[in-house]
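Have a look at model.pdb below; it lists PDB, C-alpha atoms.
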```
MODEL        1
ATOM      1  CA  MET A   1       0.000   0.000   0.000
ATOM      2  CA  SER A   2       1.353   3.463  -0.926
ATOM      3  CA  THR A   3       1.652   6.233   1.659
ATOM      4  CA  ILE A   4      -1.112   8.128  -0.150
ATOM      5  CA  ASP A   5      -3.464   5.135   0.328
ATOM      6  CA  GLU A   6      -2.599   5.094   4.039
ATOM      7  CA  VAL A   7      -3.296   8.853   4.181
ATOM      8  CA  LEU A   8      -6.732   8.241   2.657
ATOM      9  CA  GLN A   9      -7.520   5.634   5.314
ATOM     10  CA  ALA A  10      -6.377   8.031   8.048
ATOM     11  CA  ASN A  11      -8.493  10.802   6.512
ATOM     12  CA  GLU A  12     -11.586   8.570   6.533
ATOM     13  CA  LYS A  13     -11.118   8.034  10.296
ATOM     14  CA  TYR A  14     -10.485  11.766  10.770
ATOM     15  CA  ALA A  15     -13.631  12.731   8.837
ATOM     16  CA  GLN A  16     -15.831  10.640  11.119
ATOM     17  CA  LYS A  17     -14.841  12.851  14.051
ATOM     18  CA  HIS A  18     -14.561  16.133  12.087
ATOM     19  CA  ALA A  19     -16.371  18.960  13.857
ATOM     20  CA  SER A  20     -19.188  20.174  11.652
ATOM     21  CA  ARG A  21     -18.747  23.895  12.431
ATOM     22  CA  HIS A  22     -18.006  25.912   9.326
ATOM     23  CA  LEU A  23     -14.867  28.020   9.748
ATOM     24  CA  SER A  24     -14.248  31.059   7.565
ATOM     25  CA  PRO A  25     -11.289  31.284   5.173
ATOM     26  CA  ARG A  26     -10.359  34.509   7.014
ATOM     27  CA  PRO A  27      -7.816  33.683   9.760
ATOM     28  CA  THR A  28      -9.313  34.668  13.111
ATOM     29  CA  ARG A  29      -5.926  35.586  14.595
ATOM     30  CA  ARG A  30      -4.965  37.609  11.496
ATOM     31  CA  LEU A  31      -1.571  35.942  11.174
ATOM     32  CA  ALA A  32       0.305  34.587   8.126
ATOM     33  CA  VAL A  33       3.398  32.411   8.606
ATOM     34  CA  VAL A  34       6.045  31.716   5.933
ATOM     35  CA  THR A  35       8.072  28.656   6.823
ATOM     36  CA  CYS A  36       9.868  25.579   5.498
ATOM     37  CA  MET A  37       8.230  22.405   4.154
ATOM     38  CA  ASP A  38      10.325  20.472   6.717
ATOM     39  CA  THR A  39       8.625  17.564   8.504
ATOM     40  CA  ARG A  40       9.417  18.889  11.970
ATOM     41  CA  LEU A  41       7.401  22.112  11.825
ATOM     42  CA  THR A  42       3.775  22.015  12.931
ATOM     43  CA  LYS A  43       1.023  24.340  14.041
ATOM     44  CA  ALA A  44       1.359  22.809  17.529
ATOM     45  CA  THR A  45       4.872  24.283  17.733
ATOM     46  CA  LEU A  46       3.243  27.685  17.452
ATOM     47  CA  GLY A  47       0.143  27.024  19.551
ATOM     48  CA  LEU A  48      -2.044  27.568  16.500
ATOM     49  CA  ASP A  49      -5.378  25.875  15.900
ATOM     50  CA  ASP A  50      -7.637  25.398  12.866
ATOM     51  CA  GLY A  51      -9.058  28.727  11.758
ATOM     52  CA  ASP A  52      -6.232  30.794  13.270
ATOM     53  CA  ALA A  53      -3.600  31.548  10.623
ATOM     54  CA  HIS A  54      -2.389  31.088   7.061
ATOM     55  CA  ILE A  55       0.612  28.811   6.705
ATOM     56  CA  ILE A  56       2.775  29.252   3.601
ATOM     57  CA  ARG A  57       5.527  26.661   3.152
ATOM     58  CA  ASN A  58       8.268  25.971   0.632
ATOM     59  CA  ALA A  59      11.790  24.535   0.592
ATOM     60  CA  GLY A  60      13.671  26.763   3.040
ATOM     61  CA  GLY A  61      10.936  29.157   4.137
ATOM     62  CA  ILE A  62      11.919  31.657   1.449
ATOM     63  CA  VAL A  63      10.051  34.858   0.522
ATOM     64  CA  THR A  64       9.832  33.885  -3.158
ATOM     65  CA  GLU A  65       7.523  35.545  -5.698
ATOM     66  CA  ASP A  66       5.016  32.817  -4.893
ATOM     67  CA  ALA A  67       5.215  33.381  -1.130
ATOM     68  CA  LEU A  68       4.702  37.105  -1.799
ATOM     69  CA  ARG A  69       1.650  36.353  -3.972
ATOM     70  CA  SER A  70       0.255  34.263  -1.120
ATOM     71  CA  LEU A  71       0.943  36.974   1.482
ATOM     72  CA  LEU A  72      -0.759  39.603  -0.697
ATOM     73  CA  VAL A  73      -3.855  37.387  -1.017
ATOM     74  CA  SER A  74      -3.641  36.735   2.731
ATOM     75  CA  HIS A  75      -3.529  40.420   3.676
ATOM     76  CA  TYR A  76      -5.611  42.164   1.007
ATOM     77  CA  LEU A  77      -8.255  39.496   0.427
ATOM     78  CA  LEU A  78      -8.385  37.680   3.766
ATOM     79  CA  GLY A  79      -7.405  40.312   6.325
ATOM     80  CA  THR A  80      -4.141  39.173   7.982
ATOM     81  CA  GLU A  81      -2.097  41.902   9.669
ATOM     82  CA  GLU A  82       1.012  40.103  10.978
ATOM     83  CA  PHE A  83       3.614  38.194   8.941
ATOM     84  CA  MET A  84       6.014  35.746  10.583
ATOM     85  CA  VAL A  85       9.012  34.237   8.730
ATOM     86  CA  ILE A  86      10.482  31.049  10.241
ATOM     87  CA  ASN A  87      13.592  29.171   9.049
ATOM     88  CA  HIS A  88      15.012  26.289  11.075
ATOM     89  CA  THR A  89      18.236  24.560  12.081
ATOM     90  CA  ASP A  90      19.347  21.413  10.183
ATOM     91  CA  CYS A  91      17.524  22.487   6.985
ATOM     92  CA  GLY A  92      18.057  20.322   3.889
ATOM     93  CA  LEU A  93      19.011  23.465   1.949
ATOM     94  CA  MET A  94      21.973  24.051   4.301
ATOM     95  CA  ARG A  95      23.602  20.781   3.215
ATOM     96  CA  SER A  96      25.006  21.946  -0.105
ATOM     97  CA  THR A  97      25.728  25.044  -2.148
ATOM     98  CA  GLU A  98      23.470  26.355  -4.889
ATOM     99  CA  GLU A  99      25.819  24.903  -7.529
ATOM    100  CA  GLU A 100      26.195  21.474  -5.892
ATOM    101  CA  LEU A 101      22.432  21.193  -5.556
ATOM    102  CA  ARG A 102      21.823  22.213  -9.158
ATOM    103  CA  SER A 103      24.421  19.848 -10.593
ATOM    104  CA  MET A 104      23.260  16.955  -8.395
ATOM    105  CA  ILE A 105      19.660  17.361  -9.578
ATOM    106  CA  GLU A 106      20.686  17.854 -13.195
ATOM    107  CA  ARG A 107      22.868  14.737 -13.026
ATOM    108  CA  HIS A 108      19.915  12.632 -11.846
ATOM    109  CA  ALA A 109      17.153  14.351 -13.765
ATOM    110  CA  GLY A 110      18.623  15.169 -17.161
ATOM    111  CA  THR A 111      18.067  18.311 -19.223
ATOM    112  CA  ALA A 112      19.043  21.564 -17.557
ATOM    113  CA  SER A 113      16.599  23.706 -19.520
ATOM    114  CA  VAL A 114      13.805  23.243 -16.960
ATOM    115  CA  SER A 115      15.934  23.981 -13.898
ATOM    116  CA  PRO A 116      14.531  26.552 -11.453
ATOM    117  CA  GLU A 117      16.369  29.857 -11.582
ATOM    118  CA  ARG A 118      17.431  29.371  -7.944
ATOM    119  CA  PHE A 119      17.198  26.637  -5.331
ATOM    120  CA  TYR A 120      17.880  29.099  -2.458
ATOM    121  CA  ALA A 121      20.565  27.038  -0.718
ATOM    122  CA  PHE A 122      21.949  28.825   2.339
ATOM    123  CA  LYS A 123      24.403  28.304   5.182
ATOM    124  CA  LYS A 124      23.248  30.391   8.131
ATOM    125  CA  PRO A 125      19.546  30.407   9.054
ATOM    126  CA  GLU A 126      19.754  33.734  10.931
ATOM    127  CA  GLU A 127      21.330  35.469   7.955
ATOM    128  CA  ASN A 128      18.828  33.834   5.617
ATOM    129  CA  VAL A 129      15.863  35.003   7.718
ATOM    130  CA  ARG A 130      17.296  38.517   7.689
ATOM    131  CA  LYS A 131      17.339  38.459   3.863
ATOM    132  CA  GLN A 132      13.704  37.357   3.760
ATOM    133  CA  LEU A 133      12.701  40.136   6.170
ATOM    134  CA  GLU A 134      14.469  42.675   3.978
ATOM    135  CA  LYS A 135      12.609  41.437   0.901
ATOM    136  CA  LEU A 136       9.306  41.750   2.726
ATOM    137  CA  LYS A 137       9.924  45.078   4.385
ATOM    138  CA  SER A 138      11.139  46.709   1.171
ATOM    139  CA  HIS A 139       8.219  45.490  -0.922
ATOM    140  CA  PRO A 140       5.962  48.432  -1.841
ATOM    141  CA  TRP A 141       2.822  46.347  -1.300
ATOM    142  CA  VAL A 142       3.760  45.239   2.222
ATOM    143  CA  LYS A 143       2.418  48.255   4.049
ATOM    144  CA  LYS A 144       4.187  49.717   7.071
ATOM    145  CA  GLU A 145       1.307  48.877   9.413
ATOM    146  CA  ILE A 146       1.795  45.144   8.809
ATOM    147  CA  ILE A 147       3.905  43.612  11.618
ATOM    148  CA  VAL A 148       6.800  41.633  10.072
ATOM    149  CA  ARG A 149       9.070  39.515  12.313
ATOM    150  CA  GLY A 150      11.526  36.696  11.717
ATOM    151  CA  PHE A 151      12.623  33.616  13.688
ATOM    152  CA  VAL A 152      14.857  30.566  13.636
ATOM    153  CA  TYR A 153      13.253  27.368  14.950
ATOM    154  CA  ASP A 154      15.655  25.018  16.721
ATOM    155  CA  VAL A 155      14.468  21.527  15.727
ATOM    156  CA  ASP A 156      16.197  19.957  18.729
ATOM    157  CA  SER A 157      14.975  22.258  21.509
ATOM    158  CA  GLY A 158      11.632  23.076  19.859
ATOM    159  CA  ARG A 159      12.253  26.762  20.563
ATOM    160  CA  LEU A 160      11.844  29.848  18.347
ATOM    161  CA  LYS A 161      14.559  32.485  18.495
ATOM    162  CA  GLU A 162      13.827  35.920  17.107
ATOM    163  CA  VAL A 163      16.113  37.367  14.422
ATOM    164  CA  LEU A 164      16.594  41.056  14.955
ATOM    165  CA  THR A 165      17.200  43.259  11.942
TER     166      THR A 165
ATOM    167  CA  MET B   1      -0.238  41.948  22.761
ATOM    168  CA  SER B   2       0.232  40.984  19.113
ATOM    169  CA  THR B   3      -0.597  37.492  17.828
ATOM    170  CA  ILE B   4       3.122  36.900  17.241
ATOM    171  CA  ASP B   5       3.809  37.602  20.947
ATOM    172  CA  GLU B   6       1.091  35.107  21.883
ATOM    173  CA  VAL B   7       2.673  32.568  19.507
ATOM    174  CA  LEU B   8       6.019  33.051  21.271
ATOM    175  CA  GLN B   9       4.409  32.363  24.654
ATOM    176  CA  ALA B  10       2.736  29.244  23.243
ATOM    177  CA  ASN B  11       6.059  28.128  21.757
ATOM    178  CA  GLU B  12       7.806  28.493  25.113
ATOM    179  CA  LYS B  13       5.218  26.151  26.667
ATOM    180  CA  TYR B  14       5.584  23.769  23.710
ATOM    181  CA  ALA B  15       9.393  23.706  23.965
ATOM    182  CA  GLN B  16       9.238  22.578  27.600
ATOM    183  CA  LYS B  17       7.523  19.378  26.494
ATOM    184  CA  HIS B  18       9.355  18.988  23.154
ATOM    185  CA  ALA B  19      10.669  15.459  22.681
ATOM    186  CA  SER B  20      14.424  15.587  22.494
ATOM    187  CA  ARG B  21      14.779  12.942  19.747
ATOM    188  CA  HIS B  22      16.479  14.272  16.673
ATOM    189  CA  LEU B  23      14.410  13.628  13.544
ATOM    190  CA  SER B  24      16.027  13.647  10.116
ATOM    191  CA  PRO B  25      15.091  16.189   7.431
ATOM    192  CA  ARG B  26      14.315  13.172   5.195
ATOM    193  CA  PRO B  27      10.567  12.366   5.460
ATOM    194  CA  THR B  28      10.208   8.815   6.785
ATOM    195  CA  ARG B  29       7.015   8.187   4.803
ATOM    196  CA  ARG B  30       8.578   9.589   1.585
ATOM    197  CA  LEU B  31       5.591  11.831   0.871
ATOM    198  CA  ALA B  32       5.378  15.476  -0.269
ATOM    199  CA  VAL B  33       2.044  17.328  -0.164
ATOM    200  CA  VAL B  34       1.227  20.519  -2.075
ATOM    201  CA  THR B  35      -1.757  22.267  -0.558
ATOM    202  CA  CYS B  36      -3.353  25.617   0.268
ATOM    203  CA  MET B  37      -2.268  28.010   3.030
ATOM    204  CA  ASP B  38      -5.877  27.862   4.298
ATOM    205  CA  THR B  39      -6.401  27.738   8.073
ATOM    206  CA  ARG B  40      -8.523  24.588   7.944
ATOM    207  CA  LEU B  41      -5.907  22.196   6.568
ATOM    208  CA  THR B  42      -3.717  20.344   9.035
ATOM    209  CA  LYS B  43      -1.471  17.307   9.204
ATOM    210  CA  ALA B  44      -4.096  15.700  11.496
ATOM    211  CA  THR B  45      -6.520  15.731   8.555
ATOM    212  CA  LEU B  46      -4.073  13.440   6.772
ATOM    213  CA  GLY B  47      -2.986  11.326   9.752
ATOM    214  CA  LEU B  48       0.559  12.640   9.399
ATOM    215  CA  ASP B  49       2.979  13.092  12.271
ATOM    216  CA  ASP B  50       6.263  14.995  12.732
ATOM    217  CA  GLY B  51       8.976  13.440  10.601
ATOM    218  CA  ASP B  52       6.559  11.918   8.065
ATOM    219  CA  ALA B  53       6.167  14.241   5.078
ATOM    220  CA  HIS B  54       7.033  17.530   3.421
ATOM    221  CA  ILE B  55       4.207  20.044   3.352
ATOM    222  CA  ILE B  56       4.338  22.757   0.676
ATOM    223  CA  ARG B  57       1.657  25.440   0.946
ATOM    224  CA  ASN B  58       0.674  28.546  -0.983
ATOM    225  CA  ALA B  59      -2.471  30.482  -1.829
ATOM    226  CA  GLY B  60      -4.637  27.903  -3.620
ATOM    227  CA  GLY B  61      -2.383  24.854  -3.501
ATOM    228  CA  ILE B  62      -0.926  25.668  -6.924
ATOM    229  CA  VAL B  63       1.991  23.924  -8.637
ATOM    230  CA  THR B  64       3.888  27.182  -9.176
ATOM    231  CA  GLU B  65       7.566  27.407 -10.107
ATOM    232  CA  ASP B  66       8.289  27.674  -6.392
ATOM    233  CA  ALA B  67       6.248  24.587  -5.515
ATOM    234  CA  LEU B  68       8.112  22.740  -8.281
ATOM    235  CA  ARG B  69      11.460  23.893  -6.863
ATOM    236  CA  SER B  70      10.383  22.576  -3.459
ATOM    237  CA  LEU B  71       9.229  19.234  -4.897
ATOM    238  CA  LEU B  72      12.536  18.813  -6.754
ATOM    239  CA  VAL B  73      14.468  19.431  -3.518
ATOM    240  CA  SER B  74      12.066  17.068  -1.743
ATOM    241  CA  HIS B  75      12.553  14.221  -4.223
ATOM    242  CA  TYR B  76      16.162  14.574  -5.379
ATOM    243  CA  LEU B  77      17.742  15.800  -2.153
ATOM    244  CA  LEU B  78      15.489  14.324   0.521
ATOM    245  CA  GLY B  79      14.102  11.145  -1.048
ATOM    246  CA  THR B  80      10.303  11.547  -1.330
ATOM    247  CA  GLU B  81       8.603   9.283  -3.888
ATOM    248  CA  GLU B  82       4.928  10.286  -3.741
ATOM    249  CA  PHE B  83       3.429  13.720  -4.480
ATOM    250  CA  MET B  84      -0.081  14.647  -3.352
ATOM    251  CA  VAL B  85      -1.870  17.833  -4.542
ATOM    252  CA  ILE B  86      -4.795  19.022  -2.399
ATOM    253  CA  ASN B  87      -7.122  21.947  -3.135
ATOM    254  CA  HIS B  88     -10.204  22.547  -0.989
ATOM    255  CA  THR B  89     -13.786  23.774  -1.081
ATOM    256  CA  ASP B  90     -14.553  27.390  -0.036
ATOM    257  CA  CYS B  91     -11.054  28.606  -1.035
ATOM    258  CA  GLY B  92     -10.434  32.377  -0.874
ATOM    259  CA  LEU B  93      -9.186  32.245  -4.473
ATOM    260  CA  MET B  94     -12.625  31.043  -5.650
ATOM    261  CA  ARG B  95     -14.263  34.264  -4.486
ATOM    262  CA  SER B  96     -13.198  36.479  -7.377
ATOM    263  CA  THR B  97     -11.743  36.399 -10.852
ATOM    264  CA  GLU B  98      -8.086  37.004 -11.627
ATOM    265  CA  GLU B  99      -8.930  40.537 -12.804
ATOM    266  CA  GLU B 100     -11.132  41.450  -9.826
ATOM    267  CA  LEU B 101      -8.450  40.266  -7.431
ATOM    268  CA  ARG B 102      -5.693  42.162  -9.218
ATOM    269  CA  SER B 103      -7.667  45.406  -9.414
ATOM    270  CA  MET B 104      -8.807  45.131  -5.759
ATOM    271  CA  ILE B 105      -5.218  44.717  -4.550
ATOM    272  CA  GLU B 106      -3.913  47.453  -6.855
ATOM    273  CA  ARG B 107      -6.635  49.804  -5.633
ATOM    274  CA  HIS B 108      -5.581  49.295  -1.997
ATOM    275  CA  ALA B 109      -1.856  48.905  -2.510
ATOM    276  CA  GLY B 110      -0.929  51.385  -5.207
ATOM    277  CA  THR B 111       1.589  50.899  -8.011
ATOM    278  CA  ALA B 112       0.910  47.999 -10.350
ATOM    279  CA  SER B 113       4.525  47.465 -11.373
ATOM    280  CA  VAL B 114       5.166  45.012  -8.536
ATOM    281  CA  SER B 115       2.044  42.924  -9.096
ATOM    282  CA  PRO B 116       2.561  39.148  -9.338
ATOM    283  CA  GLU B 117       2.167  37.830 -12.866
ATOM    284  CA  ARG B 118      -0.796  35.697 -11.745
ATOM    285  CA  PHE B 119      -2.856  35.296  -8.576
ATOM    286  CA  TYR B 120      -4.221  31.892  -9.721
ATOM    287  CA  ALA B 121      -7.897  32.601  -8.988
ATOM    288  CA  PHE B 122     -10.107  29.667  -9.943
ATOM    289  CA  LYS B 123     -13.753  28.566  -9.839
ATOM    290  CA  LYS B 124     -13.817  24.771  -9.654
ATOM    291  CA  PRO B 125     -11.416  22.979  -7.300
ATOM    292  CA  GLU B 126     -11.620  19.667  -9.211
ATOM    293  CA  GLU B 127     -10.718  21.348 -12.487
ATOM    294  CA  ASN B 128      -7.962  23.311 -10.768
ATOM    295  CA  VAL B 129      -6.436  20.167  -9.242
ATOM    296  CA  ARG B 130      -6.518  18.530 -12.680
ATOM    297  CA  LYS B 131      -4.467  21.449 -14.069
ATOM    298  CA  GLN B 132      -1.885  21.098 -11.305
ATOM    299  CA  LEU B 133      -1.594  17.351 -11.935
ATOM    300  CA  GLU B 134      -1.036  18.007 -15.639
ATOM    301  CA  LYS B 135       1.729  20.488 -14.837
ATOM    302  CA  LEU B 136       3.427  17.956 -12.578
ATOM    303  CA  LYS B 137       3.025  14.935 -14.809
ATOM    304  CA  SER B 138       4.312  16.749 -17.887
ATOM    305  CA  HIS B 139       7.390  18.159 -16.141
ATOM    306  CA  PRO B 140      10.538  16.438 -17.478
ATOM    307  CA  TRP B 141      12.063  16.349 -13.981
ATOM    308  CA  VAL B 142       9.086  14.631 -12.340
ATOM    309  CA  LYS B 143      10.028  11.067 -13.199
ATOM    310  CA  LYS B 144       7.407   8.462 -14.141
ATOM    311  CA  GLU B 145       8.159   6.364 -11.043
ATOM    312  CA  ILE B 146       6.982   9.160  -8.734
ATOM    313  CA  ILE B 147       3.350   8.582  -7.702
ATOM    314  CA  VAL B 148       1.335  11.786  -8.368
ATOM    315  CA  ARG B 149      -2.298  12.021  -7.204
ATOM    316  CA  GLY B 150      -4.738  14.878  -6.646
ATOM    317  CA  PHE B 151      -7.580  15.551  -4.199
ATOM    318  CA  VAL B 152     -10.216  18.064  -3.152
ATOM    319  CA  TYR B 153     -10.623  18.493   0.619
ATOM    320  CA  ASP B 154     -14.175  19.257   1.721
ATOM    321  CA  VAL B 155     -13.746  21.718   4.618
ATOM    322  CA  ASP B 156     -17.205  20.926   5.972
ATOM    323  CA  SER B 157     -17.082  17.116   5.964
ATOM    324  CA  GLY B 158     -13.320  16.867   6.553
ATOM    325  CA  ARG B 159     -13.102  14.344   3.706
ATOM    326  CA  LEU B 160     -10.633  14.069   0.802
ATOM    327  CA  LYS B 161     -12.065  13.190  -2.618
ATOM    328  CA  GLU B 162      -9.711  11.970  -5.322
ATOM    329  CA  VAL B 163      -9.608  13.818  -8.644
ATOM    330  CA  LEU B 164      -9.188  11.371 -11.466
ATOM    331  CA  THR B 165      -7.343  12.505 -14.579
TER     332      THR B 165
ENDMDL
END
```

As C-alpha cells - that is how I would like this structure written.
Amino acid sequence: MSTIDEVLQANEKYAQKHASRHLSPRPTRRLAVVTCMDTRLTKATLGLDDGDAHIIRNAGGIVTEDALRSLLVSHYLLGTEEFMVINHTDCGLMRSTEEELRSMIERHAGTASVSPERFYAFKKPEENVRKQLEKLKSHPWVKKEIIVRGFVYDVDSGRLKEVLT
Amino acid sequence: MSTIDEVLQANEKYAQKHASRHLSPRPTRRLAVVTCMDTRLTKATLGLDDGDAHIIRNAGGIVTEDALRSLLVSHYLLGTEEFMVINHTDCGLMRSTEEELRSMIERHAGTASVSPERFYAFKKPEENVRKQLEKLKSHPWVKKEIIVRGFVYDVDSGRLKEVLT
C-alpha cells in the first residue's frame, strides 16, 4: 500500500470525528506564517489551531515571488495583519551550495533547460531570515502597518529564536 | 499583545515538552504534499505526524515554479517518492476572478509594477487540481516512477475526494 493510500484511510477516520462547524477562510488571529516544508514544523509548535492563521511553506521558508503572492492574497483578500518568517536549524538546503544542488539534480534528472532559476541554498539560518525580512519590508505592497518579524526554529529544543534586523 | 507575541508564549510552553529525539530532514514516509495556506488544513486531517512528510503550501495549492522547486528538492535531495496535490472547497481564491483580485489589490496597494504575474484565482477545485496534476506529470524532472495524485478536501465534511485525470 502506498503512503497516499494510508493517508486516505487516516483521513476517513479523521472525517468521522470532524467537527461540523463551518470556519471562515479569514484567519481569526490575522496571522500569516512563511516557513519551510520540513517535517518537523507544525502548528502545535506555534500554539495555532484550525481557523487561526495562514501557513505558507516551501523549501527553506523563502520569501519567493510565490510566497509574496500568497501573502498579498492573505492580507488584502483575507485580512491578515502580521507576517512571521520562520527558518530552522538542520535544513536540507543548508547541506550543499546552490551549484552542488543544481548539478546533483541535473545529473539525476537530465536536461538543464527546466531547472529553477534558484534553489535558495543557504548556510546560516539567521542570515537567511534577515534576507527574507528585507525582501518583505522593502516590498511596496507590504504596508508599514503590517507587523513583520523573523525567527529561527531550533528543531532539537523546539524553541523559536527571534532574528533582529 | 500581538498574535506573534502570543505565539512566542505558546512556543515556550511547547518547547518545555518537546521530545528531544532528533528527527532527520528526510521524510520517513517519503511523501510530499502541495496544498493551500488555508487555516482549515492540518497534518491531522491526513494522519501525518512529525517526521513523516514535506508540506508545501501557498495560496490555492498551486503547482507554481516555487512549488516545483520545493518538490525537486524534496525528491532529489530528501528522497520523497509520492506527491499529493490538495485543493479545498470554499477557497479564498474562488471568491473572485483574476482581474477582480488584481484590481482590488492594486486599488488598496498602489503601483501595479510590482504585481505578481498571476494570482491563480479559480472557480472549480476539481478542475484546478486537474491542471496542477497536468503540470506535474508533464514536467521532465518529475520522473514516471513518482506517484502523483490529486484531491479536493471538503472543509465541511473533513473528507478528501480523489480527482481522477

Inset, instruction - Record the distance separating CA of Pro25 (chain A) and CA of Glu98 (chain B), expressed in Å with one decimal. - result: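 That distance, rounded to one decimal, is 18.0 Å.
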
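All protein, DNA and RNA residues at most 12 Å from (7.3, 31.0, 25.0) are Thr45, Leu46, Gly47, Gly158, Arg159, Leu160, Lys161 and Glu162 of chain A; Ile4, Asp5, Glu6, Val7, Leu8, Gln9, Ala10, Asn11, Glu12, Lys13, Tyr14, Ala15, Gln16 and Lys17 of chain B, using all atoms listed in the file.
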
Inset, instruction - For chain B, report every residue with an atom at most 7 Å from chain A (counting all atoms listed in the file), formatted as number ranges by chain. - result: B: 3, 7, 10-12, 14-15, 18, 20, 22, 25, 27, 29, 31, 37-40, 45-47, 50-59, 66-67, 69-70, 76, 91-92, 105, 109, 116, 119, 141, 156-160

For the file shown, what are the residues hit by the PyMOL selection byres ((chain B and resi 132-134) around 8), laid out as an mmCIF file with C-alpha atoms, in the coordinates of the input?
```
data_model
loop_
_atom_site.group_PDB
_atom_site.id
_atom_site.type_symbol
_atom_site.label_atom_id
_atom_site.label_comp_id
_atom_site.auth_asym_id
_atom_site.auth_seq_id
_atom_site.Cartn_x
_atom_site.Cartn_y
_atom_site.Cartn_z
ATOM 1 C CA ILE B 62 -0.926 25.668 -6.924
ATOM 2 C CA VAL B 63 1.991 23.924 -8.637
ATOM 3 C CA VAL B 85 -1.870 17.833 -4.542
ATOM 4 C CA ASN B 128 -7.962 23.311 -10.768
ATOM 5 C CA VAL B 129 -6.436 20.167 -9.242
ATOM 6 C CA ARG B 130 -6.518 18.530 -12.680
ATOM 7 C CA LYS B 131 -4.467 21.449 -14.069
ATOM 8 C CA LYS B 135 1.729 20.488 -14.837
ATOM 9 C CA LEU B 136 3.427 17.956 -12.578
ATOM 10 C CA LYS B 137 3.025 14.935 -14.809
ATOM 11 C CA SER B 138 4.312 16.749 -17.887
ATOM 12 C CA VAL B 148 1.335 11.786 -8.368
ATOM 13 C CA ARG B 149 -2.298 12.021 -7.204
ATOM 14 C CA GLY B 150 -4.738 14.878 -6.646
ATOM 15 C CA THR B 165 -7.343 12.505 -14.579
#
```

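CA of Glu100 (chain A) to CA of Phe122 (chain A) spans 11.8 Å [interatomic distance, one decimal].
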
Legend entry - Gap from CA of Glu127 (chain A) to CA of Thr80 (chain A) - Å, one decimal: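 Interatomic distance, CA of Glu127 (chain A) to CA of Thr80 (chain A): 25.7 Å.
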
Legend entry - Selected residue of minimal separation from Asn87 (chain B) among B:Ile146, B:Arg107, B:Glu99, B:Lys124, counting only C-alpha atoms: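 Ranked by minimum distance to Asn87 (chain B), first place goes to B:Lys124.
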
Since the input is missing atoms, can you rebuild N, CA, C and O atoms for region 97-109 of chain B and write them as a PDB file, in the coordinates of the input?
```
ATOM      1  N   THR B  97     -12.513  36.755  -9.659  1.00  0.00           N
ATOM      2  CA  THR B  97     -11.743  36.399 -10.852  1.00  0.00           C
ATOM      3  C   THR B  97     -10.338  36.969 -10.701  1.00  0.00           C
ATOM      4  O   THR B  97     -10.072  37.812  -9.834  1.00  0.00           O
ATOM      5  N   GLU B  98      -9.456  36.502 -11.570  1.00  0.00           N
ATOM      6  CA  GLU B  98      -8.086  37.004 -11.627  1.00  0.00           C
ATOM      7  C   GLU B  98      -8.071  38.541 -11.704  1.00  0.00           C
ATOM      8  O   GLU B  98      -7.358  39.213 -10.959  1.00  0.00           O
ATOM      9  N   GLU B  99      -8.918  39.092 -12.572  1.00  0.00           N
ATOM     10  CA  GLU B  99      -8.930  40.537 -12.804  1.00  0.00           C
ATOM     11  C   GLU B  99      -9.479  41.311 -11.614  1.00  0.00           C
ATOM     12  O   GLU B  99      -8.964  42.365 -11.242  1.00  0.00           O
ATOM     13  N   GLU B 100     -10.543  40.795 -11.006  1.00  0.00           N
ATOM     14  CA  GLU B 100     -11.132  41.450  -9.826  1.00  0.00           C
ATOM     15  C   GLU B 100     -10.119  41.482  -8.681  1.00  0.00           C
ATOM     16  O   GLU B 100      -9.952  42.496  -8.002  1.00  0.00           O
ATOM     17  N   LEU B 101      -9.421  40.380  -8.517  1.00  0.00           N
ATOM     18  CA  LEU B 101      -8.450  40.266  -7.431  1.00  0.00           C
ATOM     19  C   LEU B 101      -7.302  41.256  -7.658  1.00  0.00           C
ATOM     20  O   LEU B 101      -6.906  41.994  -6.750  1.00  0.00           O
ATOM     21  N   ARG B 102      -6.799  41.262  -8.889  1.00  0.00           N
ATOM     22  CA  ARG B 102      -5.693  42.162  -9.218  1.00  0.00           C
ATOM     23  C   ARG B 102      -6.106  43.625  -9.014  1.00  0.00           C
ATOM     24  O   ARG B 102      -5.387  44.398  -8.396  1.00  0.00           O
ATOM     25  N   SER B 103      -7.299  43.992  -9.500  1.00  0.00           N
ATOM     26  CA  SER B 103      -7.667  45.406  -9.414  1.00  0.00           C
ATOM     27  C   SER B 103      -8.000  45.779  -7.964  1.00  0.00           C
ATOM     28  O   SER B 103      -7.701  46.892  -7.528  1.00  0.00           O
ATOM     29  N   MET B 104      -8.545  44.850  -7.178  1.00  0.00           N
ATOM     30  CA  MET B 104      -8.807  45.131  -5.759  1.00  0.00           C
ATOM     31  C   MET B 104      -7.488  45.400  -5.026  1.00  0.00           C
ATOM     32  O   MET B 104      -7.355  46.366  -4.285  1.00  0.00           O
ATOM     33  N   ILE B 105      -6.498  44.542  -5.247  1.00  0.00           N
ATOM     34  CA  ILE B 105      -5.218  44.717  -4.550  1.00  0.00           C
ATOM     35  C   ILE B 105      -4.529  45.993  -5.039  1.00  0.00           C
ATOM     36  O   ILE B 105      -4.021  46.787  -4.239  1.00  0.00           O
ATOM     37  N   GLU B 106      -4.551  46.232  -6.327  1.00  0.00           N
ATOM     38  CA  GLU B 106      -3.913  47.453  -6.855  1.00  0.00           C
ATOM     39  C   GLU B 106      -4.583  48.727  -6.312  1.00  0.00           C
ATOM     40  O   GLU B 106      -3.918  49.711  -6.034  1.00  0.00           O
ATOM     41  N   ARG B 107      -5.892  48.646  -6.146  1.00  0.00           N
ATOM     42  CA  ARG B 107      -6.635  49.804  -5.633  1.00  0.00           C
ATOM     43  C   ARG B 107      -6.192  50.118  -4.184  1.00  0.00           C
ATOM     44  O   ARG B 107      -6.017  51.265  -3.809  1.00  0.00           O
ATOM     45  N   HIS B 108      -5.988  49.078  -3.390  1.00  0.00           N
ATOM     46  CA  HIS B 108      -5.581  49.295  -1.997  1.00  0.00           C
ATOM     47  C   HIS B 108      -4.088  49.510  -1.849  1.00  0.00           C
ATOM     48  O   HIS B 108      -3.634  50.152  -0.905  1.00  0.00           O
ATOM     49  N   ALA B 109      -3.298  48.944  -2.754  1.00  0.00           N
ATOM     50  CA  ALA B 109      -1.856  48.905  -2.510  1.00  0.00           C
ATOM     51  C   ALA B 109      -1.068  49.916  -3.337  1.00  0.00           C
ATOM     52  O   ALA B 109       0.080  50.216  -3.014  1.00  0.00           O
TER      53      ALA B 109
END
```
